[in-house]
Amino acid sequence: MFPLNRNRRLRNKESLRNLIREYRLHPHDFIAPLFITEGKNKKTPIESMPGYYRLSIDNIKKEVKSLWSLGIQSVLLFPKVDDKLKDNLGKEALNPHGLIQKTIKEIKNSCPDITIISDVALDPYSIHGHDGIIKENKILNDETNKVLAEMALSHAKSGADIVAPSDMMDGRVLSIRTVLEQNNFLETGIMSYGAKFASSLYGPFRDALDSKPGFGDKKTYQMDFSNFKESISEIKADIEEGADIIMIKPGITNLDIINEAKNTFNVPIAVYQVSGEYSMIKAGVKMGYVNHNEVLIESLTVIKRAGANIIATYFAKEAVELIS
Ligand code: PBG
C-alpha cells in the first residue's frame, strides 16, 4: 500500500529495469520463415513485404548461414511454385525433386545442425490457391489429408526435422503421424497450426507465394476469429493426434488464446507473427508514425509474455541484431 509500496522505485534507472525484467527475447526463440524460388542468384523483392525477398536455393543457403551465425537456429520453408506446376491435386507437392525437397536437402548438407521446418499445405501448389483438393467448389477434407500425409513423408525423406501442417483440415495431424510412423520416421516432429484463424493479415504472404484463393475464402477450414473455446478444442485435437508443437496465428490478435494455450497444455507453443503484422509495422514506420526498432521489439516481447515459447517472424534477423 502507498507509500510503503512505490512501484516506481524499481523503474528508476535502466540497469534496475533490466534487472527486474520478466521476459526477454533470445535468438533461440525465433524461427525465420523463408520464401524459396527457382533459379540461380535470385533475390526477388516482395512488394507488400518491404525488406523481404524470395530467394533461390543458392541464396537460401547463404541466408541460412547468416541466420545461424546470429544464433537463429530454425527456419520455416515456403516454396513459390511455378504456375505450370499447379493443379487441383497438389501433385508437384509430392515430387521428390521438387523445389522444397531440393531446398531441404541442400540446407541439410550445408548447415546440418539447423532445424528445418517445412510447411505442409497445398495452397502454393493449387490452381485454386486453396489448402485442399476441390470438388464442386468444396474443399475435400479426407482426400486432402491423404496428400498432406504423403507430402509430409516426402519432406521427412528429404531431411526435414519438423513438418508443419498449416491447412486446418480435420484429422490431418493423425494422417501425417500415422504415415510417418509406418515409414519409420519416428523422430520427425509435427508442428501443427492448432489454432489458425481466417485472417485478413495473410494478404502479403499470398502475394509472396502468388497463392491468393481463386474463389471464395478460407473460412470453411480456418477458424472464425470471434471464437475462443473452439480454438482450444482445435489445439487439443492436434495434440491428441500427435502434434509435438502447436502453432497459433496470427500473433498480436490472439494474445488471449496464446495465454490460455500456455496455461492449458504442456507442449511448446509457437506463435506466428504473420505477414500482415510485419507489413503494417513496416508501413507505419515508412509513414513516420512509429519507431521501427521499438515497435518490433515490443510486438515480439508481448507475444512471448503472453506465452509463446517460439516465435516465427519475418523480423527474426532484425530483432536478433537489435537484442545482441
Ligand atoms: C497457407 C499459409 C498461410 C500462411 C502460412 N501458411 C496463408 C493462408 O492461410 O492463406 C500465412 C503466413 C503469413 O501471413 O505470414 N497454408
# chains A, B, ... in the order shown; residues from 1 in each chain; ligands from 1

$ residues_around --residues "A:Glu230" --least-positions-apart "3" --cutoff "12 Å" --atoms "only C-alpha atoms" --output "list in words"
Gly194, Ala195, Lys196, Phe197, Gln222, Met223, Asp224, Phe225, Ser226, Asn227, Ser233, Glu234, Ile235, Lys236, Ala237, Ile257 and Ala261 of chain A

$ select_by_dssp --residues "stretch 10-105 of chain A" --states "alpha helix (DSSP H)" --output "JSON, numbers by chain"
{"A": [14, 15, 16, 17, 18, 19, 20, 57, 58, 59, 60, 61, 62, 63, 64, 65, 66, 67, 68, 69, 70, 99, 100, 101, 102, 103, 104, 105]}

$ closest_atom_pairs --of "chain A" --to "ligand 1" --cutoff "9 Å" --atoms "only C-alpha atoms and all ligand atoms" --output "CSV"
residue,atom,partner,partner_atom_place_in_ligand_line,distance
A:Pro33,CA,ligand 1,15 (O),8.2
A:Phe78,CA,ligand 1,6 (N),8.1
A:Asp119,CA,ligand 1,6 (N),7.0
A:Val120,CA,ligand 1,16 (N),7.2
A:Ala121,CA,ligand 1,16 (N),5.0
A:Leu122,CA,ligand 1,16 (N),6.9
A:Asp123,CA,ligand 1,16 (N),5.8
A:Pro124,CA,ligand 1,1 (C),7.6
A:Gly129,CA,ligand 1,10 (O),8.1
A:His130,CA,ligand 1,10 (O),7.7
A:Asp131,CA,ligand 1,16 (N),5.9
A:Pro165,CA,ligand 1,16 (N),7.6
A:Ser166,CA,ligand 1,16 (N),4.6
A:Asp167,CA,ligand 1,16 (N),5.0
A:Met168,CA,ligand 1,16 (N),8.4
A:Tyr193,CA,ligand 1,6 (N),8.9
A:Lys196,CA,ligand 1,9 (O),8.0
A:Phe197,CA,ligand 1,9 (O),8.3
A:Ala198,CA,ligand 1,9 (O),7.2
A:Ser199,CA,ligand 1,9 (O),8.0
A:Ser200,CA,ligand 1,14 (O),8.6
A:Leu201,CA,ligand 1,14 (O),5.9
A:Tyr202,CA,ligand 1,14 (O),3.4
A:Gly203,CA,ligand 1,14 (O),6.3
A:Pro204,CA,ligand 1,14 (O),6.4
A:Phe205,CA,ligand 1,14 (O),4.5
A:Arg206,CA,ligand 1,7 (C),6.1
A:Ser211,CA,ligand 1,10 (O),7.3
A:Lys212,CA,ligand 1,10 (O),7.0
A:Pro213,CA,ligand 1,10 (O),7.7
A:Asp217,CA,ligand 1,10 (O),8.9
A:Lys218,CA,ligand 1,10 (O),7.3
A:Gln222,CA,ligand 1,9 (O),7.5
A:Lys249,CA,ligand 1,12 (C),8.1
A:Pro250,CA,ligand 1,14 (O),7.7
A:Tyr272,CA,ligand 1,15 (O),7.2
A:Gln273,CA,ligand 1,15 (O),6.8
A:Val274,CA,ligand 1,15 (O),3.5
A:Ser275,CA,ligand 1,15 (O),3.6
A:Gly276,CA,ligand 1,14 (O),6.0
A:Glu277,CA,ligand 1,15 (O),8.0
A:Tyr278,CA,ligand 1,15 (O),8.1
A:Ala312,CA,ligand 1,15 (O),8.9
A:Thr313,CA,ligand 1,15 (O),7.9
A:Tyr314,CA,ligand 1,15 (O),7.9

$ atom_distance --atom1 "atom CA of A:Gln101" --atom2 "atom CA of A:Leu70"
25.3 Å

$ closest_residue --among "A:Arg9, A:Lys282, A:Lys91, A:His28" --to "A:Ser69" --atoms "only C-alpha atoms"
A:His28

$ residues_around --residues "A:Ser324" --least-positions-apart "2" --cutoff "12 Å" --atoms "only C-alpha atoms" --output "PDB file with N, CA, C and O atoms, in the first residue's frame"
ATOM      1  N   ARG A  24      12.512 -11.652 -21.768  1.00  0.00           N
ATOM      2  CA  ARG A  24      13.396 -11.023 -22.757  1.00  0.00           C
ATOM      3  C   ARG A  24      13.580 -11.962 -23.949  1.00  0.00           C
ATOM      4  O   ARG A  24      13.496 -13.174 -23.833  1.00  0.00           O
ATOM      5  N   LEU A  25      13.792 -11.338 -25.078  1.00  0.00           N
ATOM      6  CA  LEU A  25      13.928 -12.109 -26.317  1.00  0.00           C
ATOM      7  C   LEU A  25      15.339 -12.677 -26.411  1.00  0.00           C
ATOM      8  O   LEU A  25      16.302 -12.061 -25.950  1.00  0.00           O
ATOM      9  N   HIS A  26      15.409 -13.863 -26.999  1.00  0.00           N
ATOM     10  CA  HIS A  26      16.697 -14.536 -27.185  1.00  0.00           C
ATOM     11  C   HIS A  26      16.735 -15.055 -28.623  1.00  0.00           C
ATOM     12  O   HIS A  26      15.697 -15.469 -29.143  1.00  0.00           O
ATOM     13  N   PRO A  27      17.899 -15.049 -29.255  1.00  0.00           N
ATOM     14  CA  PRO A  27      17.963 -15.535 -30.646  1.00  0.00           C
ATOM     15  C   PRO A  27      17.346 -16.924 -30.839  1.00  0.00           C
ATOM     16  O   PRO A  27      16.745 -17.207 -31.877  1.00  0.00           O
ATOM     17  N   HIS A  28      17.478 -17.790 -29.852  1.00  0.00           N
ATOM     18  CA  HIS A  28      16.943 -19.149 -29.989  1.00  0.00           C
ATOM     19  C   HIS A  28      15.408 -19.192 -29.956  1.00  0.00           C
ATOM     20  O   HIS A  28      14.821 -20.236 -30.217  1.00  0.00           O
ATOM     21  N   SER A  69      24.720 -17.828 -37.877  1.00  0.00           N
ATOM     22  CA  SER A  69      25.796 -17.089 -37.200  1.00  0.00           C
ATOM     23  C   SER A  69      25.220 -16.080 -36.200  1.00  0.00           C
ATOM     24  O   SER A  69      25.887 -15.686 -35.252  1.00  0.00           O
ATOM     25  N   LEU A  70      23.969 -15.696 -36.411  1.00  0.00           N
ATOM     26  CA  LEU A  70      23.330 -14.770 -35.452  1.00  0.00           C
ATOM     27  C   LEU A  70      22.680 -15.517 -34.288  1.00  0.00           C
ATOM     28  O   LEU A  70      22.170 -14.897 -33.354  1.00  0.00           O
ATOM     29  N   GLY A  71      22.634 -16.829 -34.371  1.00  0.00           N
ATOM     30  CA  GLY A  71      22.007 -17.608 -33.293  1.00  0.00           C
ATOM     31  C   GLY A  71      20.569 -18.000 -33.577  1.00  0.00           C
ATOM     32  O   GLY A  71      19.879 -18.527 -32.715  1.00  0.00           O
ATOM     33  N   ILE A  72      20.104 -17.751 -34.803  1.00  0.00           N
ATOM     34  CA  ILE A  72      18.759 -18.198 -35.188  1.00  0.00           C
ATOM     35  C   ILE A  72      18.906 -19.606 -35.745  1.00  0.00           C
ATOM     36  O   ILE A  72      19.582 -19.814 -36.751  1.00  0.00           O
ATOM     37  N   LYS A 317      15.642 -11.749 -37.995  1.00  0.00           N
ATOM     38  CA  LYS A 317      17.008 -11.267 -38.130  1.00  0.00           C
ATOM     39  C   LYS A 317      17.190  -9.862 -37.537  1.00  0.00           C
ATOM     40  O   LYS A 317      18.110  -9.606 -36.781  1.00  0.00           O
ATOM     41  N   GLU A 318      16.236  -8.986 -37.869  1.00  0.00           N
ATOM     42  CA  GLU A 318      16.326  -7.614 -37.356  1.00  0.00           C
ATOM     43  C   GLU A 318      16.237  -7.592 -35.830  1.00  0.00           C
ATOM     44  O   GLU A 318      16.943  -6.845 -35.168  1.00  0.00           O
ATOM     45  N   ALA A 319      15.371  -8.452 -35.291  1.00  0.00           N
ATOM     46  CA  ALA A 319      15.203  -8.484 -33.833  1.00  0.00           C
ATOM     47  C   ALA A 319      16.483  -8.949 -33.174  1.00  0.00           C
ATOM     48  O   ALA A 319      16.951  -8.359 -32.184  1.00  0.00           O
ATOM     49  N   VAL A 320      17.086  -9.997 -33.718  1.00  0.00           N
ATOM     50  CA  VAL A 320      18.293 -10.537 -33.106  1.00  0.00           C
ATOM     51  C   VAL A 320      19.436  -9.537 -33.221  1.00  0.00           C
ATOM     52  O   VAL A 320      20.233  -9.377 -32.289  1.00  0.00           O
ATOM     53  N   GLU A 321      19.491  -8.841 -34.350  1.00  0.00           N
ATOM     54  CA  GLU A 321      20.541  -7.823 -34.474  1.00  0.00           C
ATOM     55  C   GLU A 321      20.361  -6.732 -33.418  1.00  0.00           C
ATOM     56  O   GLU A 321      21.324  -6.193 -32.891  1.00  0.00           O
ATOM     57  N   LEU A 322      19.118  -6.451 -33.081  1.00  0.00           N
ATOM     58  CA  LEU A 322      18.858  -5.413 -32.083  1.00  0.00           C
ATOM     59  C   LEU A 322      19.144  -5.868 -30.665  1.00  0.00           C
ATOM     60  O   LEU A 322      19.617  -5.077 -29.839  1.00  0.00           O
TER      61      LEU A 322
END

$ atom_distance --atom1 "atom CA of A:Ser175" --atom2 "atom CA of A:Asp142"
9.1 Å

$ atom_distance --atom1 "atom CA of A:Met191" --atom2 "atom CA of A:Met49"
24.7 Å

$ residues_around --residues "A:Leu148" --least-positions-apart "3" --cutoff "7 Å" --atoms "only C-alpha atoms" --output "list in words"
Val120, Ala121, Thr144, Asn145, Met151, Ala152 and Ile176 of chain A

$ residues_around --residues "A:Gly39" --least-positions-apart "6" --cutoff "9 Å" --atoms "only C-alpha atoms" --output "number ranges by chain"
A: 55-58

$ closest_residue --among "A:Ile245, A:Asp113, A:Ala160, A:Asp210" --to "A:Val173" --atoms "only C-alpha atoms"
A:Ile245

$ select_by_dssp --residues "stretch 162-251 of chain A" --states "strand (DSSP E)" --output "JSON, numbers by chain"
{"A": [162, 163, 164, 165, 189, 190, 191, 192, 193, 194, 195, 196, 245, 246, 247, 248, 249]}

$ residues_around --residues "A:Gln73" --least-positions-apart "4" --cutoff "7 Å" --atoms "only C-alpha atoms" --output "MDAnalysis selection string"
chainID A and resid 28 68 114:115

$ write_last_selection --atoms "N, CA, C and O atoms" --output "CSV table (one decimal), in the first residue's frame"
chain,number,residue,atom,x,y,z
A,28,HIS,N,17.5,-17.8,-29.9
A,28,HIS,CA,16.9,-19.1,-30.0
A,28,HIS,C,15.4,-19.2,-30.0
A,28,HIS,O,14.8,-20.2,-30.2
A,68,TRP,N,22.2,-18.6,-38.9
A,68,TRP,CA,22.9,-19.5,-37.9
A,68,TRP,C,24.0,-18.7,-37.2
A,68,TRP,O,24.1,-18.8,-35.9
A,114,ILE,N,21.1,-26.9,-38.2
A,114,ILE,CA,19.9,-26.1,-38.1
A,114,ILE,C,18.7,-26.9,-38.2
A,114,ILE,O,18.6,-28.0,-38.8
A,115,THR,N,17.6,-26.5,-37.5
A,115,THR,CA,16.3,-27.2,-37.5
A,115,THR,C,15.5,-26.8,-38.7
A,115,THR,O,15.2,-25.6,-38.9

$ decode --residues "stretch 117-134 of chain A" --atoms "N, CA, C and O atoms" --output "compact mmCIF listing (two decimals), in the first residue's frame"
# COMPACT_ATOMS: atom_id res chain seq x y z
N ILE A 117 12.18 -26.76 -40.73
CA ILE A 117 10.74 -26.96 -40.61
C ILE A 117 10.13 -26.68 -41.97
O ILE A 117 10.43 -25.65 -42.58
N SER A 118 9.32 -27.59 -42.47
CA SER A 118 8.76 -27.39 -43.81
C SER A 118 7.25 -27.22 -43.71
O SER A 118 6.57 -27.94 -42.97
N ASP A 119 6.74 -26.27 -44.47
CA ASP A 119 5.30 -26.04 -44.49
C ASP A 119 4.63 -27.19 -45.26
O ASP A 119 5.08 -27.58 -46.33
N VAL A 120 3.55 -27.72 -44.67
CA VAL A 120 2.79 -28.76 -45.35
C VAL A 120 1.38 -28.22 -45.59
O VAL A 120 0.57 -28.10 -44.66
N ALA A 121 1.12 -27.83 -46.83
CA ALA A 121 -0.21 -27.35 -47.23
C ALA A 121 -0.23 -27.29 -48.75
O ALA A 121 0.82 -27.15 -49.38
N LEU A 122 -1.40 -27.35 -49.31
CA LEU A 122 -1.49 -27.42 -50.77
C LEU A 122 -1.56 -26.06 -51.46
O LEU A 122 -1.38 -25.98 -52.67
N ASP A 123 -1.82 -25.00 -50.71
CA ASP A 123 -2.10 -23.73 -51.40
C ASP A 123 -1.01 -23.26 -52.39
O ASP A 123 -1.36 -22.78 -53.46
N PRO A 124 0.27 -23.43 -52.08
CA PRO A 124 1.23 -22.97 -53.10
C PRO A 124 1.20 -23.82 -54.36
O PRO A 124 1.71 -23.40 -55.40
N TYR A 125 0.60 -25.01 -54.28
CA TYR A 125 0.58 -25.96 -55.40
C TYR A 125 -0.77 -26.00 -56.11
O TYR A 125 -0.93 -26.70 -57.10
N SER A 126 -1.74 -25.27 -55.55
CA SER A 126 -3.12 -25.41 -56.01
C SER A 126 -3.47 -24.38 -57.08
O SER A 126 -3.23 -23.18 -56.88
N ILE A 127 -4.08 -24.84 -58.16
CA ILE A 127 -4.54 -23.86 -59.17
C ILE A 127 -5.61 -22.95 -58.57
O ILE A 127 -5.88 -21.87 -59.09
N HIS A 128 -6.23 -23.38 -57.49
CA HIS A 128 -7.29 -22.59 -56.87
C HIS A 128 -6.78 -21.73 -55.71
O HIS A 128 -7.54 -20.96 -55.14
N GLY A 129 -5.52 -21.90 -55.32
CA GLY A 129 -5.00 -21.15 -54.18
C GLY A 129 -5.62 -21.56 -52.86
O GLY A 129 -5.59 -20.81 -51.89
N HIS A 130 -6.17 -22.77 -52.83
CA HIS A 130 -6.75 -23.26 -51.58
C HIS A 130 -5.85 -24.33 -50.96
O HIS A 130 -4.99 -24.90 -51.63
N ASP A 131 -6.12 -24.61 -49.67
CA ASP A 131 -5.27 -25.56 -48.94
C ASP A 131 -5.75 -27.00 -49.10
O ASP A 131 -5.27 -27.89 -48.39
N GLY A 132 -6.71 -27.22 -49.98
CA GLY A 132 -7.22 -28.57 -50.12
C GLY A 132 -7.61 -28.87 -51.55
O GLY A 132 -7.66 -27.99 -52.41
N ILE A 133 -7.90 -30.15 -51.77
CA ILE A 133 -8.38 -30.60 -53.07
C ILE A 133 -9.84 -30.14 -53.20
O ILE A 133 -10.59 -30.16 -52.22
N ILE A 134 -10.21 -29.74 -54.40
CA ILE A 134 -11.54 -29.16 -54.59
C ILE A 134 -12.41 -29.99 -55.50
O ILE A 134 -11.94 -30.52 -56.52
